[in-house]
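Next comes run30.txt, a file with compact mmCIF, C-alpha atoms.
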# COMPACT_ATOMS: atom_id res chain seq x y z
CA MET A 1 80.59 103.57 67.23
CA THR A 2 82.55 104.02 70.44
CA LEU A 3 80.90 104.14 73.81
CA PRO A 4 81.76 107.11 76.00
CA PRO A 5 84.08 106.30 78.88
CA ARG A 6 82.44 105.07 82.05
CA ARG A 7 82.00 107.75 84.67
CA PRO A 8 83.90 106.97 87.87
CA ARG A 9 81.84 105.54 90.71
CA LEU A 10 81.63 107.38 94.00
CA ALA A 11 80.41 105.15 96.83
CA ILE A 12 79.16 107.07 99.85
CA PHE A 13 78.83 105.13 103.10
CA GLY A 14 76.40 107.09 105.25
CA ALA A 15 73.41 109.11 104.12
CA GLY A 16 73.00 111.45 107.06
CA PRO A 17 73.51 115.21 106.70
CA ALA A 18 77.10 114.97 105.40
CA GLY A 19 76.49 111.96 103.16
CA SER A 20 73.38 113.55 101.68
CA ALA A 21 75.29 116.76 100.98
CA PHE A 22 78.02 114.69 99.30
CA ALA A 23 75.44 112.93 97.12
CA ARG A 24 73.82 116.23 96.06
CA GLN A 25 77.17 117.86 95.27
CA PHE A 26 78.63 114.92 93.36
CA ALA A 27 75.42 114.43 91.37
CA LEU A 28 76.41 117.68 89.63
CA LEU A 29 79.83 116.29 88.72
CA PRO A 30 81.09 113.53 86.41
CA PHE A 31 80.50 110.68 88.87
CA GLU A 32 78.07 107.80 89.21
CA VAL A 33 76.97 108.26 92.81
CA GLU A 34 75.87 105.37 95.02
CA ALA A 35 74.85 105.96 98.64
CA TYR A 36 74.54 103.29 101.33
CA ASP A 37 73.26 103.54 104.89
CA THR A 38 71.95 101.42 107.73
CA ARG A 39 69.15 103.75 108.81
CA PRO A 40 65.72 103.04 107.27
CA HIS A 41 64.70 106.71 107.34
CA ASN A 42 67.36 107.37 104.65
CA ALA A 43 65.78 104.89 102.21
CA ASP A 44 64.59 107.63 99.85
CA HIS A 45 68.18 108.51 98.89
CA ALA A 46 70.31 105.50 99.86
CA THR A 47 70.40 101.72 99.64
CA ILE A 48 69.69 100.42 103.13
CA LEU A 49 71.88 97.55 104.33
CA SER A 50 72.88 96.02 107.64
CA GLU A 51 76.23 97.07 109.09
CA ASP A 52 77.80 93.76 108.00
CA GLU A 53 76.41 94.18 104.47
CA LEU A 54 77.81 97.73 104.33
CA VAL A 55 81.25 96.40 105.23
CA GLU A 56 80.90 93.64 102.64
CA VAL A 57 80.00 96.17 99.90
CA ALA A 58 82.97 98.31 100.95
CA GLY A 59 85.30 95.36 100.39
CA CYS A 60 83.84 94.65 96.93
CA LEU A 61 84.41 98.00 95.25
CA GLU A 62 86.02 97.96 91.83
CA GLU A 63 89.37 99.21 90.67
CA GLY A 64 89.45 103.00 90.52
CA ASP A 65 86.32 103.69 92.59
CA TYR A 66 86.11 106.72 94.85
CA VAL A 67 84.88 106.31 98.43
CA LEU A 68 83.54 108.68 101.07
CA ILE A 69 82.85 107.38 104.58
CA ALA A 70 80.41 109.23 106.85
CA SER A 71 78.35 106.54 108.57
CA ALA A 72 76.34 106.75 111.78
CA SER A 73 79.22 105.69 114.06
CA HIS A 74 82.99 105.90 114.41
CA GLU A 75 83.16 102.13 114.91
CA LEU A 76 81.32 101.47 111.65
CA ASP A 77 83.45 104.07 109.84
CA GLY A 78 86.52 102.13 110.98
CA ARG A 79 85.12 98.79 109.79
CA ILE A 80 84.23 100.28 106.40
CA ALA A 81 87.65 101.90 106.09
CA GLN A 82 89.36 98.60 106.93
CA ALA A 83 87.37 96.77 104.25
CA VAL A 84 88.14 99.40 101.61
CA LEU A 85 91.82 99.72 102.52
CA THR A 86 92.54 95.99 102.65
CA ALA A 87 90.78 95.38 99.33
CA GLY A 88 92.87 98.21 97.88
CA ARG A 89 90.94 98.68 94.65
CA PHE A 90 89.98 102.32 95.15
CA ARG A 91 91.38 105.54 93.72
CA TYR A 92 90.39 107.77 96.64
CA CYS A 93 89.13 106.91 100.12
CA GLY A 94 88.14 109.74 102.42
CA MET A 95 86.53 109.64 105.83
CA ILE A 96 84.81 112.53 107.54
CA GLY A 97 86.20 113.27 110.97
CA SER A 98 88.44 115.22 113.22
CA ARG A 99 92.13 114.59 113.67
CA LYS A 100 91.27 112.87 116.98
CA LYS A 101 88.87 110.50 115.24
CA ARG A 102 91.49 109.87 112.55
CA ASP A 103 94.14 109.02 115.16
CA GLU A 104 91.79 106.62 116.97
CA ILE A 105 90.75 104.85 113.76
CA LEU A 106 94.31 104.70 112.43
CA ALA A 107 95.42 103.07 115.68
CA ALA A 108 92.56 100.54 115.44
CA LEU A 109 93.42 99.80 111.79
CA SER A 110 97.06 99.27 112.67
CA GLN A 111 96.08 96.99 115.57
CA ALA A 112 93.84 95.02 113.16
CA GLY A 113 96.86 94.34 110.96
CA VAL A 114 96.23 96.86 108.18
CA SER A 115 99.65 97.72 106.77
CA PRO A 116 101.11 101.22 107.11
CA GLY A 117 101.03 101.57 103.31
CA GLN A 118 97.33 100.76 103.23
CA VAL A 119 96.56 103.08 106.16
CA ALA A 120 98.46 105.91 104.45
CA ARG A 121 95.93 105.86 101.59
CA LEU A 122 93.08 106.96 103.88
CA GLN A 123 92.33 110.67 103.67
CA CYS A 124 91.00 111.98 107.01
CA PRO A 125 90.02 114.65 107.66
CA ILE A 126 88.69 115.20 104.16
CA GLY A 127 88.44 118.30 102.03
CA ILE A 128 90.72 121.18 101.21
CA PRO A 129 92.37 122.27 104.48
CA GLU A 130 92.14 125.97 103.65
CA LEU A 131 88.35 125.85 103.25
CA HIS A 132 86.88 125.93 106.74
CA GLY A 133 83.29 125.27 107.72
CA ARG A 134 81.18 122.72 109.54
CA ALA A 135 78.01 122.99 107.46
CA PRO A 136 77.51 119.78 105.44
CA GLU A 137 77.22 121.77 102.20
CA VAL A 138 80.56 123.53 102.82
CA ILE A 139 82.24 120.22 103.62
CA ALA A 140 80.75 118.70 100.45
CA VAL A 141 82.11 121.49 98.25
CA SER A 142 85.53 121.17 99.87
CA VAL A 143 85.56 117.38 99.45
CA ALA A 144 84.34 117.66 95.85
CA ALA A 145 87.23 120.01 95.06
CA GLN A 146 89.70 117.59 96.61
CA VAL A 147 88.28 114.58 94.75
CA LEU A 148 88.21 116.54 91.48
CA GLN A 149 91.92 117.26 91.95
CA VAL A 150 92.55 113.50 92.18
CA LEU A 151 90.36 112.87 89.13
CA GLN A 152 92.18 115.59 87.19
CA ASP A 153 95.58 114.14 88.15
CA ASP A 154 94.39 110.82 86.69
CA ASN A 155 93.12 112.44 83.47
CA PRO A 156 95.34 115.42 82.58
CA GLU A 157 94.30 117.24 79.43

Final structure tokens representation of the file:
Amino acid sequence: MTLPPRRPRLAIFGAGPAGSAFARQFALLPFEVEAYDTRPHNADHATILSEDELVEVAGCLEEGDYVLIASASHELDGRIAQAVLTAGRFRYCGMIGSRKKRDEILAALSQAGVSPGQVARLQCPIGIPELHGRAPEVIAVSVAAQVLQVLQDDNPE
């Protein structure tokens, strides 16, 4: 007997409106979804950790994991991104945000010594550019389509 292949893990950092929409959308897809947050009121659908613990988890992801970052603050998003990027064991790392937020975080990552090659692996803003919308559910569908493209590229039929 052969075990079925392990479903890829999607780690979501932030369980607010966007993170919750990501979790609901990806629960319908071939992913093992894990959500993490710092806010106790999100305990019903996320593992609650301190900010430092969140960053530690981000640096311990396994080879081939998928990551979405949508925490409660830009500063924490940057710390999580730095941990994920420097560990380098992910297949996809996306962070919700505007181009302005991206530019600020990329500058901070560069200043922190994250290499240009590592920084280039961060997808921000996330989602399919042609699909516009600010509603968390629209963003989640757009991001899911983008992540599924990456998954499909890894597993062509």

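The smallest atom-to-atom distance between Ala140 of chain A and any of A:Phe26, A:Tyr66, A:Phe31, A:Phe90, using all atoms listed in the file, is found for A:Phe26.
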
| request: With a distance cut-off of 10 Å and all atoms listed in the file, select the neighbouring residues of Asp65 of chain A, excluding the residue or stretch itself and same-chain residues fewer than 4 positions from it, and output the selection as a PyMOL selection string. | output: chain A and resi 7-11+31-32+61+89-93

| Contacts of Leu148 of chain A at 10 Å or less, counting all atoms listed in the file, minus same-chain residues fewer than 4 places along, as a PyMOL selection string? | chain A and resi 26+29-30+142-144+152-154

| Do you have the atom CA of Leu151 of chain A-atom CA of Ile12 of chain A distance handy? | 16.6 Å

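Remark: for Ser20 of chain A, the closest of the candidate residues A:Leu49, A:Glu137, A:Ile128, A:Val119 is A:Glu137 (distances computed over only C-alpha atoms).
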
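As for atom CA of Glu75 of chain A and atom CA of Ile105 of chain A, they are spaced 8.1 Å apart.
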
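Among the candidates A:Ala72, A:Val67, A:Ala108, A:Ile80, the residue lying nearest to Leu54 of chain A is A:Ile80 (atoms considered: all atoms listed in the file).
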
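Atom CA of Ile139 of chain A lies 12.0 Å from atom CA of Arg24 of chain A.
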
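For the choices A:Gly113, A:Pro5, A:Pro17, A:Pro40, the atom-to-atom distance to Val138 of chain A is smallest for A:Pro17 when using all atoms listed in the file.
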
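Within 10 Å of the file-frame point (95.1, 106.8, 103.9), and using all atoms listed in the file, the polymer residues found are Ala81, Leu85, Tyr92, Cys93, Gly94, Met95, Arg102, Leu106, Pro116, Gly117, Gln118, Val119, Ala120, Arg121, Leu122, Gln123 and Cys124 of chain A.
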
What would the file look like if the residues just selected were written as a PDB file, in the frame of the given file with C-alpha atoms?
ATOM      1  CA  ALA A  81      87.650 101.900 106.090  1.00  0.00           C
ATOM      2  CA  LEU A  85      91.820  99.720 102.520  1.00  0.00           C
ATOM      3  CA  TYR A  92      90.390 107.770  96.640  1.00  0.00           C
ATOM      4  CA  CYS A  93      89.130 106.910 100.120  1.00  0.00           C
ATOM      5  CA  GLY A  94      88.140 109.740 102.420  1.00  0.00           C
ATOM      6  CA  MET A  95      86.530 109.640 105.830  1.00  0.00           C
ATOM      7  CA  ARG A 102      91.490 109.870 112.550  1.00  0.00           C
ATOM      8  CA  LEU A 106      94.310 104.700 112.430  1.00  0.00           C
ATOM      9  CA  PRO A 116     101.110 101.220 107.110  1.00  0.00           C
ATOM     10  CA  GLY A 117     101.030 101.570 103.310  1.00  0.00           C
ATOM     11  CA  GLN A 118      97.330 100.760 103.230  1.00  0.00           C
ATOM     12  CA  VAL A 119      96.560 103.080 106.160  1.00  0.00           C
ATOM     13  CA  ALA A 120      98.460 105.910 104.450  1.00  0.00           C
ATOM     14  CA  ARG A 121      95.930 105.860 101.590  1.00  0.00           C
ATOM     15  CA  LEU A 122      93.080 106.960 103.880  1.00  0.00           C
ATOM     16  CA  GLN A 123      92.330 110.670 103.670  1.00  0.00           C
ATOM     17  CA  CYS A 124      91.000 111.980 107.010  1.00  0.00           C
TER      18      CYS A 124
END

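Across A:Leu28, A:Val150, A:Ala18, A:Ala43, the tightest approach to Ile96 of chain A is made by A:Ala18 when counting all atoms listed in the file.
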
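Each of A:Gly97, A:Gly19, A:Gly88, A:Pro136 was checked against Ala58 of chain A using all atoms listed in the file; the smallest atom-to-atom distance is that of A:Gly88.
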
Listed atoms of segment 103-116 of chain A, axis-aligned box, 8 Å per side: centre and edge lengths to one decimal in Å, as JSON?
{"center_x": 95.9, "center_y": 101.7, "center_z": 111.9, "size_x": 26.4, "size_y": 30.7, "size_z": 26.2}
